[in-house]
$ cat input30.txt   # compact mmCIF, N, CA and C atoms
# COMPACT_ATOMS: atom_id res chain seq x y z
N MET A 125 -20.00 -16.76 -19.36
CA MET A 125 -20.21 -17.82 -18.40
C MET A 125 -18.91 -18.07 -17.64
N GLU A 126 -19.01 -17.96 -16.34
CA GLU A 126 -17.83 -18.16 -15.51
C GLU A 126 -17.58 -19.64 -15.29
N SER A 127 -16.31 -20.01 -15.25
CA SER A 127 -15.96 -21.38 -14.96
C SER A 127 -16.13 -21.65 -13.46
N THR A 128 -16.06 -22.91 -13.09
CA THR A 128 -16.19 -23.28 -11.69
C THR A 128 -15.08 -22.65 -10.86
N ARG A 129 -13.89 -22.61 -11.39
CA ARG A 129 -12.75 -22.00 -10.68
C ARG A 129 -13.00 -20.51 -10.45
N GLN A 130 -13.47 -19.82 -11.47
CA GLN A 130 -13.77 -18.39 -11.33
C GLN A 130 -14.84 -18.16 -10.27
N GLN A 131 -15.86 -19.00 -10.25
CA GLN A 131 -16.92 -18.86 -9.27
C GLN A 131 -16.40 -19.07 -7.85
N LYS A 132 -15.54 -20.06 -7.67
CA LYS A 132 -14.98 -20.32 -6.34
C LYS A 132 -14.10 -19.16 -5.87
N ILE A 133 -13.27 -18.64 -6.77
CA ILE A 133 -12.41 -17.51 -6.43
C ILE A 133 -13.26 -16.28 -6.15
N SER A 134 -14.31 -16.06 -6.93
CA SER A 134 -15.19 -14.91 -6.71
C SER A 134 -15.84 -14.98 -5.34
N ARG A 135 -16.32 -16.15 -4.95
CA ARG A 135 -16.94 -16.30 -3.63
C ARG A 135 -15.93 -16.08 -2.52
N LEU A 136 -14.71 -16.59 -2.69
CA LEU A 136 -13.66 -16.41 -1.70
C LEU A 136 -13.32 -14.94 -1.53
N ILE A 137 -13.15 -14.24 -2.63
CA ILE A 137 -12.83 -12.81 -2.58
C ILE A 137 -13.99 -12.02 -1.98
N GLN A 138 -15.22 -12.38 -2.34
CA GLN A 138 -16.39 -11.67 -1.82
C GLN A 138 -16.48 -11.82 -0.30
N LYS A 139 -16.26 -13.02 0.20
CA LYS A 139 -16.32 -13.28 1.64
C LYS A 139 -15.24 -12.50 2.38
N ASP A 140 -14.02 -12.55 1.89
CA ASP A 140 -12.92 -11.88 2.57
C ASP A 140 -13.01 -10.36 2.45
N LEU A 141 -13.41 -9.86 1.29
CA LEU A 141 -13.57 -8.41 1.14
C LEU A 141 -14.70 -7.89 2.03
N GLY A 142 -15.74 -8.69 2.21
CA GLY A 142 -16.83 -8.30 3.10
C GLY A 142 -16.32 -8.06 4.51
N GLU A 143 -15.47 -8.94 4.99
CA GLU A 143 -14.89 -8.78 6.33
C GLU A 143 -13.95 -7.58 6.37
N ILE A 144 -13.15 -7.40 5.33
CA ILE A 144 -12.23 -6.25 5.27
C ILE A 144 -13.02 -4.95 5.29
N PHE A 145 -14.10 -4.86 4.51
CA PHE A 145 -14.89 -3.64 4.46
C PHE A 145 -15.66 -3.40 5.75
N ARG A 146 -16.03 -4.47 6.44
CA ARG A 146 -16.70 -4.30 7.74
C ARG A 146 -15.76 -3.59 8.71
N LEU A 147 -14.53 -4.03 8.76
CA LEU A 147 -13.54 -3.40 9.64
C LEU A 147 -13.16 -2.00 9.14
N PHE A 148 -13.04 -1.85 7.83
CA PHE A 148 -12.67 -0.56 7.23
C PHE A 148 -13.73 0.49 7.53
N ALA A 149 -15.01 0.12 7.38
CA ALA A 149 -16.10 1.07 7.62
C ALA A 149 -16.19 1.42 9.10
N ARG A 150 -15.97 0.44 9.96
CA ARG A 150 -16.05 0.70 11.40
C ARG A 150 -14.98 1.69 11.83
N ASN A 151 -13.79 1.59 11.26
CA ASN A 151 -12.68 2.46 11.65
C ASN A 151 -12.73 3.82 10.96
N ASN A 152 -13.14 3.87 9.70
CA ASN A 152 -13.07 5.10 8.91
C ASN A 152 -14.41 5.81 8.73
N PHE A 153 -15.50 5.08 8.71
CA PHE A 153 -16.82 5.66 8.45
C PHE A 153 -17.83 5.15 9.48
N PRO A 154 -17.79 5.67 10.69
CA PRO A 154 -18.77 5.19 11.68
C PRO A 154 -20.19 5.52 11.21
N GLY A 155 -21.08 4.55 11.35
CA GLY A 155 -22.45 4.74 10.90
C GLY A 155 -22.67 4.38 9.44
N PHE A 156 -21.64 3.93 8.75
CA PHE A 156 -21.77 3.54 7.35
C PHE A 156 -21.60 2.04 7.23
N LEU A 157 -22.37 1.44 6.34
CA LEU A 157 -22.30 0.00 6.09
C LEU A 157 -21.90 -0.21 4.63
N ILE A 158 -20.84 -0.98 4.43
CA ILE A 158 -20.36 -1.29 3.09
C ILE A 158 -20.48 -2.80 2.90
N THR A 159 -21.24 -3.21 1.90
CA THR A 159 -21.38 -4.63 1.62
C THR A 159 -20.91 -4.94 0.20
N VAL A 160 -20.33 -6.10 0.04
CA VAL A 160 -19.88 -6.58 -1.27
C VAL A 160 -21.00 -7.42 -1.84
N THR A 161 -21.66 -6.92 -2.89
CA THR A 161 -22.82 -7.63 -3.43
C THR A 161 -22.44 -8.68 -4.46
N LYS A 162 -21.42 -8.41 -5.27
CA LYS A 162 -21.03 -9.37 -6.31
C LYS A 162 -19.58 -9.13 -6.70
N VAL A 163 -18.89 -10.21 -7.05
CA VAL A 163 -17.52 -10.13 -7.54
C VAL A 163 -17.46 -10.93 -8.84
N TYR A 164 -16.99 -10.29 -9.90
CA TYR A 164 -16.74 -10.97 -11.17
C TYR A 164 -15.24 -10.96 -11.40
N ILE A 165 -14.69 -12.10 -11.75
CA ILE A 165 -13.25 -12.21 -11.97
C ILE A 165 -12.99 -12.63 -13.42
N THR A 166 -11.94 -12.07 -13.99
CA THR A 166 -11.60 -12.38 -15.38
C THR A 166 -11.09 -13.82 -15.48
N PRO A 167 -11.15 -14.42 -16.67
CA PRO A 167 -10.69 -15.81 -16.82
C PRO A 167 -9.22 -16.03 -16.45
N ASP A 168 -8.37 -15.00 -16.62
CA ASP A 168 -6.96 -15.17 -16.26
C ASP A 168 -6.70 -14.81 -14.79
N LEU A 169 -7.75 -14.51 -14.02
CA LEU A 169 -7.70 -14.20 -12.59
C LEU A 169 -6.84 -12.97 -12.27
N SER A 170 -6.71 -12.06 -13.22
CA SER A 170 -5.87 -10.88 -13.00
C SER A 170 -6.65 -9.67 -12.52
N GLN A 171 -7.96 -9.62 -12.79
CA GLN A 171 -8.78 -8.48 -12.38
C GLN A 171 -10.07 -8.99 -11.77
N ALA A 172 -10.51 -8.28 -10.73
CA ALA A 172 -11.78 -8.59 -10.09
C ALA A 172 -12.63 -7.33 -10.06
N LYS A 173 -13.83 -7.41 -10.63
CA LYS A 173 -14.78 -6.31 -10.57
C LYS A 173 -15.63 -6.53 -9.33
N VAL A 174 -15.53 -5.58 -8.39
CA VAL A 174 -16.19 -5.71 -7.10
C VAL A 174 -17.32 -4.68 -7.04
N TYR A 175 -18.55 -5.16 -6.82
CA TYR A 175 -19.71 -4.28 -6.73
C TYR A 175 -20.06 -4.08 -5.25
N LEU A 176 -20.15 -2.81 -4.84
CA LEU A 176 -20.37 -2.45 -3.44
C LEU A 176 -21.71 -1.74 -3.27
N SER A 177 -22.40 -2.08 -2.19
CA SER A 177 -23.58 -1.33 -1.77
C SER A 177 -23.18 -0.50 -0.56
N LEU A 178 -23.50 0.78 -0.60
CA LEU A 178 -23.12 1.70 0.47
C LEU A 178 -24.38 2.21 1.15
N PHE A 179 -24.48 2.01 2.46
CA PHE A 179 -25.65 2.45 3.23
C PHE A 179 -25.18 3.33 4.37
N GLY A 180 -25.89 4.42 4.61
CA GLY A 180 -25.58 5.26 5.75
C GLY A 180 -25.85 6.72 5.47
N GLN A 181 -25.63 7.53 6.49
CA GLN A 181 -25.81 8.97 6.40
C GLN A 181 -24.59 9.59 5.74
N GLY A 182 -24.81 10.50 4.84
CA GLY A 182 -23.69 11.20 4.21
C GLY A 182 -23.57 10.89 2.74
N SER A 183 -22.45 11.30 2.18
CA SER A 183 -22.20 11.21 0.76
C SER A 183 -21.65 9.84 0.37
N ARG A 184 -22.39 9.13 -0.49
CA ARG A 184 -21.89 7.85 -0.99
C ARG A 184 -20.69 8.05 -1.89
N GLU A 185 -20.70 9.15 -2.66
CA GLU A 185 -19.58 9.41 -3.57
C GLU A 185 -18.29 9.67 -2.80
N GLY A 186 -18.41 10.36 -1.66
CA GLY A 186 -17.22 10.63 -0.84
C GLY A 186 -16.64 9.35 -0.27
N VAL A 187 -17.51 8.46 0.20
CA VAL A 187 -17.05 7.18 0.73
C VAL A 187 -16.44 6.34 -0.37
N PHE A 188 -17.09 6.33 -1.54
CA PHE A 188 -16.58 5.55 -2.67
C PHE A 188 -15.21 6.08 -3.12
N GLY A 189 -15.05 7.40 -3.14
CA GLY A 189 -13.76 7.99 -3.48
C GLY A 189 -12.68 7.60 -2.49
N ASN A 190 -13.04 7.56 -1.21
CA ASN A 190 -12.08 7.16 -0.18
C ASN A 190 -11.69 5.69 -0.33
N ILE A 191 -12.65 4.85 -0.70
CA ILE A 191 -12.35 3.44 -0.94
C ILE A 191 -11.36 3.30 -2.10
N ASN A 192 -11.58 4.05 -3.18
CA ASN A 192 -10.65 4.00 -4.31
C ASN A 192 -9.27 4.52 -3.95
N GLN A 193 -9.19 5.48 -3.04
CA GLN A 193 -7.87 5.97 -2.60
C GLN A 193 -7.13 4.91 -1.80
N HIS A 194 -7.84 4.07 -1.08
CA HIS A 194 -7.22 3.03 -0.26
C HIS A 194 -7.20 1.67 -0.95
N LYS A 195 -7.27 1.68 -2.27
CA LYS A 195 -7.34 0.43 -3.04
C LYS A 195 -6.13 -0.47 -2.79
N LYS A 196 -4.94 0.11 -2.73
CA LYS A 196 -3.73 -0.70 -2.51
C LYS A 196 -3.73 -1.34 -1.12
N GLU A 197 -4.17 -0.58 -0.13
CA GLU A 197 -4.23 -1.11 1.23
C GLU A 197 -5.25 -2.25 1.32
N ILE A 198 -6.38 -2.09 0.66
CA ILE A 198 -7.43 -3.13 0.67
C ILE A 198 -6.92 -4.38 -0.03
N ARG A 199 -6.21 -4.20 -1.15
CA ARG A 199 -5.65 -5.34 -1.87
C ARG A 199 -4.60 -6.06 -1.01
N HIS A 200 -3.82 -5.29 -0.26
CA HIS A 200 -2.82 -5.88 0.63
C HIS A 200 -3.50 -6.70 1.73
N GLN A 201 -4.58 -6.17 2.31
CA GLN A 201 -5.32 -6.91 3.33
C GLN A 201 -5.90 -8.20 2.75
N LEU A 202 -6.37 -8.12 1.51
CA LEU A 202 -6.89 -9.32 0.84
C LEU A 202 -5.77 -10.33 0.62
N ALA A 203 -4.59 -9.85 0.24
CA ALA A 203 -3.45 -10.75 0.02
C ALA A 203 -3.05 -11.47 1.30
N LEU A 204 -3.14 -10.78 2.43
CA LEU A 204 -2.81 -11.43 3.70
C LEU A 204 -3.79 -12.55 4.03
N ARG A 205 -5.03 -12.41 3.58
CA ARG A 205 -6.06 -13.42 3.88
C ARG A 205 -6.06 -14.59 2.90
N VAL A 206 -5.85 -14.33 1.61
CA VAL A 206 -5.97 -15.39 0.61
C VAL A 206 -4.63 -15.73 -0.04
N GLY A 207 -3.55 -15.22 0.50
CA GLY A 207 -2.23 -15.41 -0.11
C GLY A 207 -1.82 -16.86 -0.23
N LYS A 208 -2.26 -17.71 0.67
CA LYS A 208 -1.89 -19.13 0.62
C LYS A 208 -2.74 -19.92 -0.38
N GLN A 209 -3.87 -19.32 -0.81
CA GLN A 209 -4.78 -20.03 -1.70
C GLN A 209 -4.66 -19.58 -3.15
N MET A 210 -4.09 -18.40 -3.36
CA MET A 210 -3.97 -17.87 -4.71
C MET A 210 -2.52 -17.47 -4.97
N ARG A 211 -2.10 -17.69 -6.19
CA ARG A 211 -0.73 -17.34 -6.55
C ARG A 211 -0.59 -15.84 -6.78
N VAL A 212 -1.55 -15.25 -7.50
CA VAL A 212 -1.54 -13.83 -7.81
C VAL A 212 -2.84 -13.22 -7.28
N ILE A 213 -2.72 -12.11 -6.57
CA ILE A 213 -3.89 -11.41 -6.07
C ILE A 213 -4.38 -10.49 -7.19
N PRO A 214 -5.66 -10.58 -7.56
CA PRO A 214 -6.15 -9.79 -8.69
C PRO A 214 -6.21 -8.30 -8.37
N GLU A 215 -6.11 -7.49 -9.42
CA GLU A 215 -6.32 -6.06 -9.30
C GLU A 215 -7.80 -5.83 -9.01
N LEU A 216 -8.11 -4.95 -8.07
CA LEU A 216 -9.49 -4.71 -7.67
C LEU A 216 -10.04 -3.48 -8.37
N LEU A 217 -11.18 -3.64 -9.02
CA LEU A 217 -11.89 -2.54 -9.66
C LEU A 217 -13.23 -2.41 -8.95
N PHE A 218 -13.47 -1.26 -8.32
CA PHE A 218 -14.68 -1.08 -7.53
C PHE A 218 -15.75 -0.34 -8.32
N PHE A 219 -17.00 -0.78 -8.14
CA PHE A 219 -18.17 -0.16 -8.75
C PHE A 219 -19.27 -0.07 -7.70
N ILE A 220 -20.10 0.97 -7.81
CA ILE A 220 -21.24 1.09 -6.91
C ILE A 220 -22.38 0.27 -7.47
N ASP A 221 -22.94 -0.61 -6.65
CA ASP A 221 -24.08 -1.43 -7.05
C ASP A 221 -25.35 -0.67 -6.69
N ASP A 222 -26.07 -0.23 -7.70
CA ASP A 222 -27.29 0.54 -7.47
C ASP A 222 -28.55 -0.27 -7.74
N SER A 223 -28.44 -1.58 -7.70
CA SER A 223 -29.61 -2.42 -7.99
C SER A 223 -30.69 -2.27 -6.93
N LEU A 224 -30.31 -2.06 -5.66
CA LEU A 224 -31.31 -1.88 -4.61
C LEU A 224 -32.07 -0.56 -4.80
N ASP A 225 -31.38 0.48 -5.25
CA ASP A 225 -32.05 1.75 -5.55
C ASP A 225 -33.03 1.58 -6.71
N TYR A 226 -32.63 0.80 -7.69
CA TYR A 226 -33.49 0.53 -8.84
C TYR A 226 -34.75 -0.23 -8.41
N ILE A 227 -34.58 -1.22 -7.56
CA ILE A 227 -35.72 -2.01 -7.07
C ILE A 227 -36.65 -1.12 -6.25
N GLU A 228 -36.09 -0.27 -5.41
CA GLU A 228 -36.90 0.63 -4.60
C GLU A 228 -37.69 1.60 -5.49
N ASN A 229 -37.07 2.08 -6.55
CA ASN A 229 -37.75 2.97 -7.48
C ASN A 229 -38.91 2.26 -8.17
N ILE A 230 -38.72 1.03 -8.58
CA ILE A 230 -39.78 0.24 -9.21
C ILE A 230 -40.93 0.02 -8.22
N ASP A 231 -40.60 -0.30 -6.95
CA ASP A 231 -41.65 -0.47 -5.94
C ASP A 231 -42.45 0.79 -5.74
N ASN A 232 -41.78 1.94 -5.69
CA ASN A 232 -42.48 3.20 -5.52
C ASN A 232 -43.40 3.50 -6.70
N LEU A 233 -42.93 3.17 -7.89
CA LEU A 233 -43.76 3.39 -9.09
C LEU A 233 -45.00 2.48 -9.09
N LEU A 234 -44.82 1.26 -8.61
CA LEU A 234 -45.95 0.32 -8.59
C LEU A 234 -46.97 0.65 -7.50
N LYS A 235 -46.52 1.29 -6.42
CA LYS A 235 -47.43 1.67 -5.33
C LYS A 235 -48.36 2.81 -5.73
N THR A 236 -47.92 3.68 -6.65
CA THR A 236 -48.74 4.82 -7.05
C THR A 236 -49.70 4.48 -8.15
$ encode --input "input30.txt" --output "structure tokens"
Amino acid sequence: MESTRQQKISRLIQKDLGEIFRLFARNNFPGFLITVTKVYITPDLSQAKVYLSLFGQGSREGVFGNINQHKKEIRHQLALRVGKQMRVIPELLFFIDDSLDYIENIDNLLKT
């Protein structure tokens, strides 16, 4: 169970990372949409698990690998946005959110 502080920080990080990824995808992956679906932060605020949904033509694994390569740059952009509100910027751990694929699979199974 997350505390109120963790929930507020998670929402703040989710909102700002969404904007960062919108600009990142526009510059690096034209035709790709990257959305931040959920952010979980540890109680000591040192790590944030960020779940991403990737939509578009091409390899999701390639885009995800490129995001992990630019992890430091993304964290720096986040620090520029939330630096006045947080003392320490958490380490970002990225995961692919496949819940929409799972839901689509269930829908297809129910239709047949």
$ select_by_dssp --input "input30.txt" --residues "region 132-182 of chain A" --states "alpha helix (DSSP H)" --output "ChimeraX atom specification"
/A:132-152
$ residues_near_point --input "input30.txt" --point "(-10.9, -18.6, -16.9)" --cutoff "7 Å" --atoms "only C-alpha atoms" --output "ChimeraX atom specification"
/A:127,130,166-169
$ atom_distance --input "input30.txt" --atom1 "atom N of Arg184 (chain A)" --atom2 "atom N of Asp222 (chain A)"
12.4 Å
$ closest_residue --input "input30.txt" --among "A:Ile213, A:Val174, A:Ile227, A:Val206" --to "Lys162 (chain A)" --atoms "only C-alpha atoms"
A:Val174
$ closest_atom_pairs --input "input30.txt" --of "region 148-235 of chain A" --to "region 131-135 of chain A" --cutoff "6 Å" --atoms "all atoms listed in the file" --output "JSON lines"
{"residue": "A:Val163", "atom": "C", "partner": "A:Ser134", "partner_atom": "CA", "distance": 5.1}
{"residue": "A:Tyr164", "atom": "N", "partner": "A:Ser134", "partner_atom": "CA", "distance": 5.9}
{"residue": "A:Ile165", "atom": "N", "partner": "A:Ser134", "partner_atom": "CA", "distance": 5.8}
$ residues_near_point --input "input30.txt" --point "(-18.5, -0.7, 7.6)" --cutoff "6.5 Å" --atoms "all atoms listed in the file" --output "PyMOL selection string"
chain A and resi 145-151+153+156-158
$ atom_distance --input "input30.txt" --atom1 "CA of Met210 (chain A)" --atom2 "atom C of Leu178 (chain A)"
29.2 Å
$ atom_distance --input "input30.txt" --atom1 "CA of His194 (chain A)" --atom2 "CA of Glu126 (chain A)"
28.2 Å
$ select_by_dssp --input "input30.txt" --residues "chain A" --states "strand (DSSP E)" --output "PyMOL selection string"
chain A and resi 156-165+171-180+215-220
$ closest_residue --input "input30.txt" --among "A:Ser177, A:Asn229, A:Gln138, A:Ser170" --to "Val212 (chain A)" --atoms "only C-alpha atoms"
A:Ser170
$ closest_residue --input "input30.txt" --among "A:Glu197, A:Thr236, A:Arg205, A:Pro154" --to "Gly180 (chain A)" --atoms "all atoms listed in the file"
A:Pro154
